[in-house]
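structure.csv follows; it contains CSV, N, CA and C atoms.
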```csv
chain,number,residue,atom,x,y,z
F,107,MET,N,67.1,47.7,228.0
F,107,MET,CA,66.9,46.8,226.9
F,107,MET,C,68.1,45.9,226.8
F,108,SER,N,67.8,44.6,226.7
F,108,SER,CA,68.9,43.6,226.8
F,108,SER,C,69.2,43.0,225.5
F,109,GLU,N,68.5,43.2,224.4
F,109,GLU,CA,68.8,42.6,223.1
F,109,GLU,C,68.8,43.7,222.0
F,110,PHE,N,69.4,43.3,220.9
F,110,PHE,CA,69.5,44.2,219.8
F,110,PHE,C,68.1,44.4,219.2
F,111,PRO,N,67.9,45.6,218.7
F,111,PRO,CA,66.6,45.9,218.0
F,111,PRO,C,66.4,45.0,216.8
F,112,GLY,N,65.2,44.6,216.6
F,112,GLY,CA,64.9,43.7,215.5
F,112,GLY,C,65.2,42.3,215.8
F,113,GLY,N,65.9,42.0,216.9
F,113,GLY,CA,66.2,40.6,217.4
F,113,GLY,C,67.3,39.9,216.6
F,114,GLY,N,68.0,40.7,215.8
F,114,GLY,CA,69.1,40.1,215.0
F,114,GLY,C,70.2,41.1,214.8
F,115,ASP,N,71.0,40.8,213.7
F,115,ASP,CA,72.1,41.7,213.3
F,115,ASP,C,71.6,43.0,213.0
F,116,LEU,N,72.4,44.0,213.1
F,116,LEU,CA,72.1,45.4,212.7
F,116,LEU,C,73.0,45.8,211.5
F,117,TYR,N,72.5,46.5,210.6
F,117,TYR,CA,73.2,46.9,209.4
F,117,TYR,C,73.2,48.5,209.4
F,118,PHE,N,74.4,49.0,209.5
F,118,PHE,CA,74.6,50.5,209.5
F,118,PHE,C,75.0,50.9,208.1
F,119,VAL,N,74.7,52.1,207.8
F,119,VAL,CA,75.1,52.7,206.5
F,119,VAL,C,76.2,53.7,206.7
F,120,LEU,N,77.3,53.6,206.0
F,120,LEU,CA,78.4,54.5,206.0
F,120,LEU,C,78.3,55.4,204.7
F,121,ASP,N,78.6,56.7,204.9
F,121,ASP,CA,78.7,57.5,203.7
F,121,ASP,C,80.0,57.3,203.0
F,122,ARG,N,80.2,58.0,201.9
F,122,ARG,CA,81.4,57.8,201.1
F,122,ARG,C,82.7,58.1,201.8
F,123,ASN,N,82.6,58.8,202.9
F,123,ASN,CA,83.8,59.2,203.8
F,123,ASN,C,84.0,58.2,204.9
F,124,GLY,N,83.1,57.2,205.0
F,124,GLY,CA,83.2,56.2,206.1
F,124,GLY,C,82.5,56.6,207.4
F,125,ALA,N,81.7,57.7,207.4
F,125,ALA,CA,81.0,58.1,208.6
F,125,ALA,C,79.6,57.5,208.6
F,126,LEU,N,79.1,57.2,209.8
F,126,LEU,CA,77.7,56.7,209.9
F,126,LEU,C,76.7,57.7,209.4
F,127,VAL,N,75.7,57.3,208.7
F,127,VAL,CA,74.7,58.2,208.1
F,127,VAL,C,73.8,58.5,209.3
F,128,ALA,N,73.6,59.8,209.5
F,128,ALA,CA,72.7,60.3,210.5
F,128,ALA,C,71.9,61.5,210.0
F,129,PHE,N,70.7,61.8,210.6
F,129,PHE,CA,69.9,62.9,210.2
F,129,PHE,C,69.4,63.6,211.4
F,130,ARG,N,69.1,64.9,211.1
F,130,ARG,CA,68.5,65.7,212.2
F,130,ARG,C,67.0,66.0,211.6
F,131,GLU,N,66.1,65.9,212.5
F,131,GLU,CA,64.7,66.1,212.1
F,131,GLU,C,64.3,67.6,212.2
F,132,HIS,N,63.2,67.9,211.6
F,132,HIS,CA,62.7,69.2,211.6
F,132,HIS,C,62.4,69.6,213.0
F,133,THR,N,62.9,70.7,213.5
F,133,THR,CA,62.8,71.3,214.8
F,133,THR,C,63.4,70.6,215.9
F,134,ALA,N,64.1,69.5,215.6
F,134,ALA,CA,64.7,68.7,216.7
F,134,ALA,C,66.1,69.2,217.0
F,135,PRO,N,66.5,69.2,218.3
F,135,PRO,CA,67.9,69.7,218.6
F,135,PRO,C,68.9,68.6,218.4
F,136,TRP,N,68.5,67.3,218.4
F,136,TRP,CA,69.4,66.2,218.3
F,136,TRP,C,69.2,65.4,216.9
F,137,ALA,N,70.2,64.7,216.6
F,137,ALA,CA,70.2,63.9,215.4
F,137,ALA,C,70.0,62.4,215.7
F,138,ALA,N,69.8,61.6,214.6
F,138,ALA,CA,69.6,60.2,214.8
F,138,ALA,C,70.5,59.4,213.8
F,139,VAL,N,71.1,58.3,214.2
F,139,VAL,CA,71.8,57.5,213.2
F,139,VAL,C,70.8,56.4,212.7
F,140,VAL,N,71.0,56.0,211.5
F,140,VAL,CA,70.1,55.0,210.9
F,140,VAL,C,70.8,53.6,210.9
F,141,ALA,N,70.0,52.6,211.2
F,141,ALA,CA,70.4,51.2,211.1
F,141,ALA,C,69.2,50.3,210.6
F,142,PHE,N,69.5,49.2,210.2
F,142,PHE,CA,68.5,48.3,209.6
F,142,PHE,C,68.6,46.9,210.1
F,143,SER,N,67.4,46.2,210.1
F,143,SER,CA,67.4,44.9,210.6
F,143,SER,C,67.8,43.8,209.6
F,144,ASN,N,68.0,44.3,208.3
F,144,ASN,CA,68.5,43.3,207.3
F,144,ASN,C,69.2,44.1,206.2
F,145,GLU,N,70.1,43.4,205.5
F,145,GLU,CA,70.9,44.1,204.5
F,145,GLU,C,70.1,44.6,203.3
F,146,ALA,N,69.0,43.9,203.0
F,146,ALA,CA,68.2,44.4,201.9
F,146,ALA,C,67.6,45.7,202.2
F,147,ALA,N,67.1,45.9,203.4
F,147,ALA,CA,66.5,47.2,203.8
F,147,ALA,C,67.5,48.3,203.7
F,148,ALA,N,68.8,48.0,204.2
F,148,ALA,CA,69.8,49.0,204.1
F,148,ALA,C,70.2,49.4,202.7
F,149,ALA,N,70.2,48.4,201.8
F,149,ALA,CA,70.5,48.6,200.4
F,149,ALA,C,69.4,49.5,199.8
F,150,ARG,N,68.1,49.2,200.1
F,150,ARG,CA,67.0,50.0,199.6
F,150,ARG,C,67.1,51.4,200.1
F,151,PHE,N,67.5,51.6,201.3
F,151,PHE,CA,67.7,53.0,201.8
F,151,PHE,C,68.7,53.7,201.0
F,152,CYS,N,69.8,53.1,200.8
F,152,CYS,CA,70.9,53.7,200.0
F,152,CYS,C,70.4,54.1,198.6
F,153,ARG,N,69.7,53.2,197.9
F,153,ARG,CA,69.2,53.4,196.6
F,153,ARG,C,68.1,54.6,196.6
F,154,ASP,N,67.2,54.5,197.6
F,154,ASP,CA,66.1,55.5,197.6
F,154,ASP,C,66.6,56.9,198.0
F,155,SER,N,67.6,56.9,198.9
F,155,SER,CA,68.1,58.2,199.3
F,155,SER,C,69.1,58.9,198.3
F,156,GLY,N,69.5,58.1,197.3
F,156,GLY,CA,70.5,58.6,196.4
F,156,GLY,C,71.9,58.7,196.9
F,157,SER,N,72.1,58.0,198.0
F,157,SER,CA,73.5,58.0,198.6
F,157,SER,C,74.5,57.3,197.7
F,158,GLU,N,75.4,58.0,197.1
F,158,GLU,CA,76.4,57.4,196.2
F,158,GLU,C,77.6,57.0,197.0
F,159,GLY,N,78.1,55.9,196.7
F,159,GLY,CA,79.3,55.4,197.4
F,159,GLY,C,79.1,55.0,198.8
F,160,CYS,N,77.9,54.7,199.2
F,160,CYS,CA,77.6,54.2,200.6
F,160,CYS,C,78.1,52.8,200.8
F,161,GLU,N,78.3,52.4,202.0
F,161,GLU,CA,78.7,51.1,202.3
F,161,GLU,C,77.9,50.6,203.5
F,162,ILE,N,77.6,49.3,203.5
F,162,ILE,CA,76.7,48.7,204.5
F,162,ILE,C,77.7,47.9,205.4
F,163,VAL,N,77.6,48.1,206.7
F,163,VAL,CA,78.4,47.3,207.7
F,163,VAL,C,77.5,46.7,208.7
F,164,GLN,N,77.9,45.5,209.0
F,164,GLN,CA,77.1,44.6,209.9
F,164,GLN,C,77.6,44.6,211.3
F,165,VAL,N,76.8,44.7,212.3
F,165,VAL,CA,77.1,44.4,213.7
F,165,VAL,C,76.3,43.2,214.1
F,166,ALA,N,77.0,42.2,214.5
F,166,ALA,CA,76.4,40.9,214.8
F,166,ALA,C,75.5,41.0,216.0
F,167,ALA,N,74.4,40.3,216.0
F,167,ALA,CA,73.5,40.2,217.2
F,167,ALA,C,74.3,39.7,218.3
F,168,GLY,N,74.1,40.4,219.5
F,168,GLY,CA,74.9,40.0,220.6
F,168,GLY,C,76.2,40.6,220.8
F,169,ASP,N,76.7,41.4,219.8
F,169,ASP,CA,77.9,42.1,219.9
F,169,ASP,C,77.7,43.4,220.7
F,170,ASP,N,77.4,43.2,222.0
F,170,ASP,CA,77.0,44.4,222.8
F,170,ASP,C,78.2,45.4,222.9
F,171,ALA,N,79.4,44.9,222.9
F,171,ALA,CA,80.6,45.8,223.1
F,171,ALA,C,80.7,46.7,221.9
F,172,SER,N,80.4,46.2,220.6
F,172,SER,CA,80.5,47.1,219.5
F,172,SER,C,79.4,48.1,219.4
F,173,LEU,N,78.2,47.7,219.7
F,173,LEU,CA,77.1,48.6,219.7
F,173,LEU,C,77.2,49.7,220.8
F,174,ARG,N,77.7,49.3,222.0
F,174,ARG,CA,77.9,50.3,223.0
F,174,ARG,C,79.0,51.3,222.6
F,175,SER,N,80.0,50.8,221.9
F,175,SER,CA,81.1,51.7,221.4
F,175,SER,C,80.5,52.7,220.4
F,176,ILE,N,79.7,52.2,219.5
F,176,ILE,CA,79.1,53.1,218.5
F,176,ILE,C,78.3,54.1,219.2
F,177,ILE,N,77.4,53.7,220.1
F,177,ILE,CA,76.5,54.7,220.8
F,177,ILE,C,77.4,55.7,221.5
F,178,SER,N,78.4,55.3,222.2
F,178,SER,CA,79.2,56.2,223.0
F,178,SER,C,79.9,57.2,222.0
F,179,GLN,N,80.4,56.8,220.9
F,179,GLN,CA,81.0,57.7,220.0
F,179,GLN,C,80.1,58.7,219.3
F,180,VAL,N,78.9,58.2,218.9
F,180,VAL,CA,78.0,59.2,218.2
F,180,VAL,C,77.3,60.2,219.2
F,181,LYS,N,77.2,59.8,220.4
F,181,LYS,CA,76.6,60.7,221.4
F,181,LYS,C,77.4,62.0,221.6
F,182,GLY,N,78.7,61.8,221.4
F,182,GLY,CA,79.6,63.0,221.5
F,182,GLY,C,79.4,63.9,220.3
F,183,ARG,N,78.7,63.5,219.3
F,183,ARG,CA,78.5,64.3,218.1
F,183,ARG,C,77.0,64.8,218.0
F,184,GLY,N,76.3,64.8,219.1
F,184,GLY,CA,74.9,65.3,219.1
F,184,GLY,C,73.9,64.3,218.6
F,185,ILE,N,74.2,63.1,218.5
F,185,ILE,CA,73.3,62.0,218.1
F,185,ILE,C,72.7,61.3,219.3
F,186,ARG,N,71.4,61.4,219.4
F,186,ARG,CA,70.7,60.8,220.6
F,186,ARG,C,69.7,59.7,220.4
F,187,TYR,N,69.6,59.3,219.1
F,187,TYR,CA,68.6,58.3,218.7
F,187,TYR,C,69.1,57.4,217.7
F,188,LEU,N,68.5,56.2,217.6
F,188,LEU,CA,68.7,55.3,216.5
F,188,LEU,C,67.4,55.1,215.8
F,189,LEU,N,67.4,55.3,214.5
F,189,LEU,CA,66.2,55.0,213.7
F,189,LEU,C,66.4,53.7,213.0
F,190,LEU,N,65.5,52.7,213.4
F,190,LEU,CA,65.6,51.4,212.9
F,190,LEU,C,64.7,51.2,211.7
F,191,ASP,N,65.2,50.7,210.6
F,191,ASP,CA,64.5,50.4,209.3
F,191,ASP,C,63.7,51.7,208.8
F,192,LEU,N,64.4,52.8,208.7
F,192,LEU,CA,63.9,54.0,208.1
F,192,LEU,C,63.5,53.8,206.7
F,193,ASP,N,62.3,54.0,206.3
F,193,ASP,CA,61.8,54.0,204.9
F,193,ASP,C,62.0,55.4,204.4
F,194,TYR,N,63.0,55.6,203.6
F,194,TYR,CA,63.4,56.9,203.2
F,194,TYR,C,62.3,57.7,202.5
F,195,ARG,N,61.4,57.0,201.7
F,195,ARG,CA,60.3,57.6,201.0
F,195,ARG,C,59.1,58.0,201.9
F,196,ARG,N,58.8,57.1,202.8
F,196,ARG,CA,57.6,57.3,203.7
F,196,ARG,C,57.9,57.9,205.0
F,197,GLY,N,59.2,57.7,205.5
F,197,GLY,CA,59.6,58.2,206.8
F,197,GLY,C,59.2,57.3,208.0
F,198,ASP,N,58.6,56.1,207.7
F,198,ASP,CA,58.3,55.2,208.8
F,198,ASP,C,59.5,54.5,209.4
F,199,CYS,N,59.6,54.4,210.7
F,199,CYS,CA,60.7,53.7,211.3
F,199,CYS,C,60.4,53.5,212.8
F,200,ILE,N,61.3,52.8,213.5
F,200,ILE,CA,61.2,52.7,215.0
F,200,ILE,C,62.3,53.5,215.5
F,201,ARG,N,62.0,54.4,216.5
F,201,ARG,CA,63.0,55.2,217.1
F,201,ARG,C,63.4,54.7,218.5
F,202,TYR,N,64.7,54.5,218.7
F,202,TYR,CA,65.2,54.1,220.0
F,202,TYR,C,66.0,55.2,220.5
F,203,GLU,N,65.7,55.6,221.8
F,203,GLU,CA,66.5,56.6,222.5
F,203,GLU,C,67.7,56.0,223.0
F,204,PHE,N,68.8,56.7,223.1
F,204,PHE,CA,70.0,56.2,223.8
F,204,PHE,C,69.9,56.5,225.3
F,205,GLU,N,70.2,55.6,226.1
F,205,GLU,CA,70.3,55.7,227.5
F,205,GLU,C,71.7,55.3,227.9
F,206,GLY,N,72.5,56.2,228.3
F,206,GLY,CA,73.9,55.9,228.6
F,206,GLY,C,74.6,55.4,227.3
F,207,ASP,N,75.2,54.2,227.4
F,207,ASP,CA,75.8,53.7,226.2
F,207,ASP,C,75.0,52.5,225.6
F,208,TRP,N,73.7,52.5,225.8
F,208,TRP,CA,72.8,51.5,225.3
F,208,TRP,C,71.5,52.0,224.8
F,209,LEU,N,70.6,51.1,224.4
F,209,LEU,CA,69.4,51.5,223.8
F,209,LEU,C,68.3,51.6,224.9
F,210,GLY,N,67.5,52.6,224.9
F,210,GLY,CA,66.4,52.8,225.8
F,210,GLY,C,65.1,52.5,225.2
F,211,PRO,N,64.1,53.2,225.5
F,211,PRO,CA,62.7,53.0,225.0
F,211,PRO,C,62.7,53.2,223.5
F,212,SER,N,61.7,52.4,222.9
F,212,SER,CA,61.5,52.5,221.5
F,212,SER,C,60.0,52.8,221.2
F,213,ARG,N,59.8,53.4,220.0
F,213,ARG,CA,58.4,53.6,219.7
F,213,ARG,C,58.3,53.8,218.1
F,214,PRO,N,57.2,53.5,217.5
F,214,PRO,CA,57.0,53.8,216.1
F,214,PRO,C,57.2,55.3,215.9
F,215,HIS,N,57.8,55.6,214.8
F,215,HIS,CA,58.1,57.0,214.5
F,215,HIS,C,57.9,57.4,213.1
F,216,GLN,N,57.5,58.6,212.8
F,216,GLN,CA,57.4,59.2,211.5
F,216,GLN,C,58.5,60.2,211.3
F,217,PHE,N,59.5,59.9,210.6
F,217,PHE,CA,60.6,60.8,210.5
F,217,PHE,C,60.3,62.0,209.6
F,218,ARG,N,60.6,63.2,210.0
F,218,ARG,CA,60.4,64.4,209.2
F,218,ARG,C,61.8,65.1,209.1
F,219,PRO,N,62.3,65.2,207.9
F,219,PRO,CA,63.7,65.8,207.7
F,219,PRO,C,63.7,67.3,208.1
F,220,ALA,N,64.9,67.7,208.5
F,220,ALA,CA,65.1,69.2,208.8
F,220,ALA,C,64.9,70.0,207.5
F,221,GLN,N,64.4,71.2,207.6
F,221,GLN,CA,64.3,72.1,206.5
F,221,GLN,C,65.7,72.5,206.0
F,222,ARG,N,65.8,72.7,204.8
F,222,ARG,CA,67.1,73.1,204.2
F,222,ARG,C,67.1,74.6,203.9
```
Will you turn the file into structure tokens for me?
Amino acid sequence: MSEFPGGGDLYFVLDRNGALVAFREHTAPWAAVVAFSNEAAAARFCRDSGSEGCEIVQVAAGDDASLRSIISQVKGRGIRYLLLDLDYRRGDCIRYEFEGDWLGPSRPHQFRPAQR
């Protein structure tokens, strides 16, 4: 894949400790980091998920070096996917697999949280 998902900037959500927000799905061995194609969707996710003290950070379209760095760092923590535009209430999103230090195939996805 040669361009950013969504064709523009990406907006990542950081928790109150400054870590990227990621989730593990039900029965899945790997986790996924969330990102959004616009700031309003990221803010809606923060509100709907009840994430207190979250921060939204932008990675500019075309900043391949920053996105590659993020992917390389999170893969070491068992994160193997990016969920683009996750609707926290419905679970709808686009899931991108990581291939090396970049984004691989994508497909529509229905997120199912892990059981607690």
Compile a residue-level contact table for segment 139-167 of chain F against segment 189-208 of chain F at a cut-off of 8 Å, reporting for every qualifying residue the shortest atom pair and its distance in Å to one decimal, with only C-alpha atoms counted, rows ordered by chain and ascending number, as a tab-separated table.
```
residue	atom	partner	partner_atom	distance
F:Val139	CA	F:Leu189	CA	6.2
F:Val140	CA	F:Leu189	CA	4.8
F:Ala141	CA	F:Leu190	CA	5.1
F:Phe142	CA	F:Asp191	CA	4.5
F:Ser143	CA	F:Asp191	CA	6.4
F:Ala147	CA	F:Asp191	CA	6.7
F:Ala148	CA	F:Asp191	CA	7.6
F:Phe151	CA	F:Tyr194	CA	6.0
F:Asp154	CA	F:Tyr194	CA	6.4
F:Ser155	CA	F:Tyr194	CA	6.2
```
If you run DSSP on the backbone, which residues of segment 145-196 of chain F are strand (DSSP E), as a list in words?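 Here are the strand (DSSP E) residues of segment 145-196 of chain F: Glu161, Ile162, Val163, Gln164, Val165, Ile185, Arg186, Tyr187, Leu188, Leu189 and Leu190 of chain F.
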Those residues with N, CA and C atoms, as a PDB file, in the frame of the given file please?
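Written out: again_18.pdb:
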```pdb
ATOM      1  N   GLU F 161      78.300  52.400 202.000  1.00  0.00           N
ATOM      2  CA  GLU F 161      78.700  51.100 202.300  1.00  0.00           C
ATOM      3  C   GLU F 161      77.900  50.600 203.500  1.00  0.00           C
ATOM      4  N   ILE F 162      77.600  49.300 203.500  1.00  0.00           N
ATOM      5  CA  ILE F 162      76.700  48.700 204.500  1.00  0.00           C
ATOM      6  C   ILE F 162      77.700  47.900 205.400  1.00  0.00           C
ATOM      7  N   VAL F 163      77.600  48.100 206.700  1.00  0.00           N
ATOM      8  CA  VAL F 163      78.400  47.300 207.700  1.00  0.00           C
ATOM      9  C   VAL F 163      77.500  46.700 208.700  1.00  0.00           C
ATOM     10  N   GLN F 164      77.900  45.500 209.000  1.00  0.00           N
ATOM     11  CA  GLN F 164      77.100  44.600 209.900  1.00  0.00           C
ATOM     12  C   GLN F 164      77.600  44.600 211.300  1.00  0.00           C
ATOM     13  N   VAL F 165      76.800  44.700 212.300  1.00  0.00           N
ATOM     14  CA  VAL F 165      77.100  44.400 213.700  1.00  0.00           C
ATOM     15  C   VAL F 165      76.300  43.200 214.100  1.00  0.00           C
ATOM     16  N   ILE F 185      74.200  63.100 218.500  1.00  0.00           N
ATOM     17  CA  ILE F 185      73.300  62.000 218.100  1.00  0.00           C
ATOM     18  C   ILE F 185      72.700  61.300 219.300  1.00  0.00           C
ATOM     19  N   ARG F 186      71.400  61.400 219.400  1.00  0.00           N
ATOM     20  CA  ARG F 186      70.700  60.800 220.600  1.00  0.00           C
ATOM     21  C   ARG F 186      69.700  59.700 220.400  1.00  0.00           C
ATOM     22  N   TYR F 187      69.600  59.300 219.100  1.00  0.00           N
ATOM     23  CA  TYR F 187      68.600  58.300 218.700  1.00  0.00           C
ATOM     24  C   TYR F 187      69.100  57.400 217.700  1.00  0.00           C
ATOM     25  N   LEU F 188      68.500  56.200 217.600  1.00  0.00           N
ATOM     26  CA  LEU F 188      68.700  55.300 216.500  1.00  0.00           C
ATOM     27  C   LEU F 188      67.400  55.100 215.800  1.00  0.00           C
ATOM     28  N   LEU F 189      67.400  55.300 214.500  1.00  0.00           N
ATOM     29  CA  LEU F 189      66.200  55.000 213.700  1.00  0.00           C
ATOM     30  C   LEU F 189      66.400  53.700 213.000  1.00  0.00           C
ATOM     31  N   LEU F 190      65.500  52.700 213.400  1.00  0.00           N
ATOM     32  CA  LEU F 190      65.600  51.400 212.900  1.00  0.00           C
ATOM     33  C   LEU F 190      64.700  51.200 211.700  1.00  0.00           C
TER      34      LEU F 190
END
```
Which is closer to Arg122 of chain F than all the others in F:Val165, F:Cys152, F:Ile177, F:Cys160, using only N, CA and C atoms?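 Of F:Val165, F:Cys152, F:Ile177, F:Cys160, the one nearest Arg122 of chain F is F:Cys160, counting only N, CA and C atoms.
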Just give me the gap between atom C of Val180 of chain F and atom N of Pro214 of chain F in Å, one decimal is fine.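 Interatomic distance here is 21.3 Å.
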For atom N of Gln164 of chain F and atom N of Tyr117 of chain F, the interatomic separation in Å (one decimal): 5.7 Å
Report as a ChimeraX atom specification all protein, DNA and RNA residues lying within 8 Å of Asn123 of chain F, evaluated on all atoms listed in the file, omitting residues in the same chain fewer than 3 positions from it. /F:120,126,158-161
Proximity to Ala138 of chain F - best of F:Leu188, F:Ala166, F:Ala171, F:Leu116, all atoms listed in the file: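 When distances to Ala138 of chain F are compared using all atoms listed in the file, the smallest one comes from F:Leu188.
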As an exercise, work out the distance from atom N of Ala125 of chain F to atom N of Val163 of chain F in Å and give it to one decimal place.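 Spanning atom N of Ala125 of chain F to atom N of Val163 of chain F is a straight-line distance of 10.5 Å.
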Pick out each residue of chain F that DSSP on the backbone tags as alpha helix (DSSP H); I need them as a list in words.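 Residues of chain F classed as alpha helix (DSSP H): Glu145, Ala146, Ala147, Ala148, Ala149, Arg150, Phe151, Cys152, Arg153, Asp154, Ser155, Asp170, Ala171, Ser172, Leu173, Arg174, Ser175, Ile176, Ile177, Ser178, Gln179, Val180 and Lys181 of chain F.
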Taking all atoms listed in the file into account, name the residue in F:Val119, F:Ile185, F:Ala149, F:Ala167 that is nearest to Ala137 of chain F.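 Closest residue, counting all atoms listed in the file: F:Ile185.
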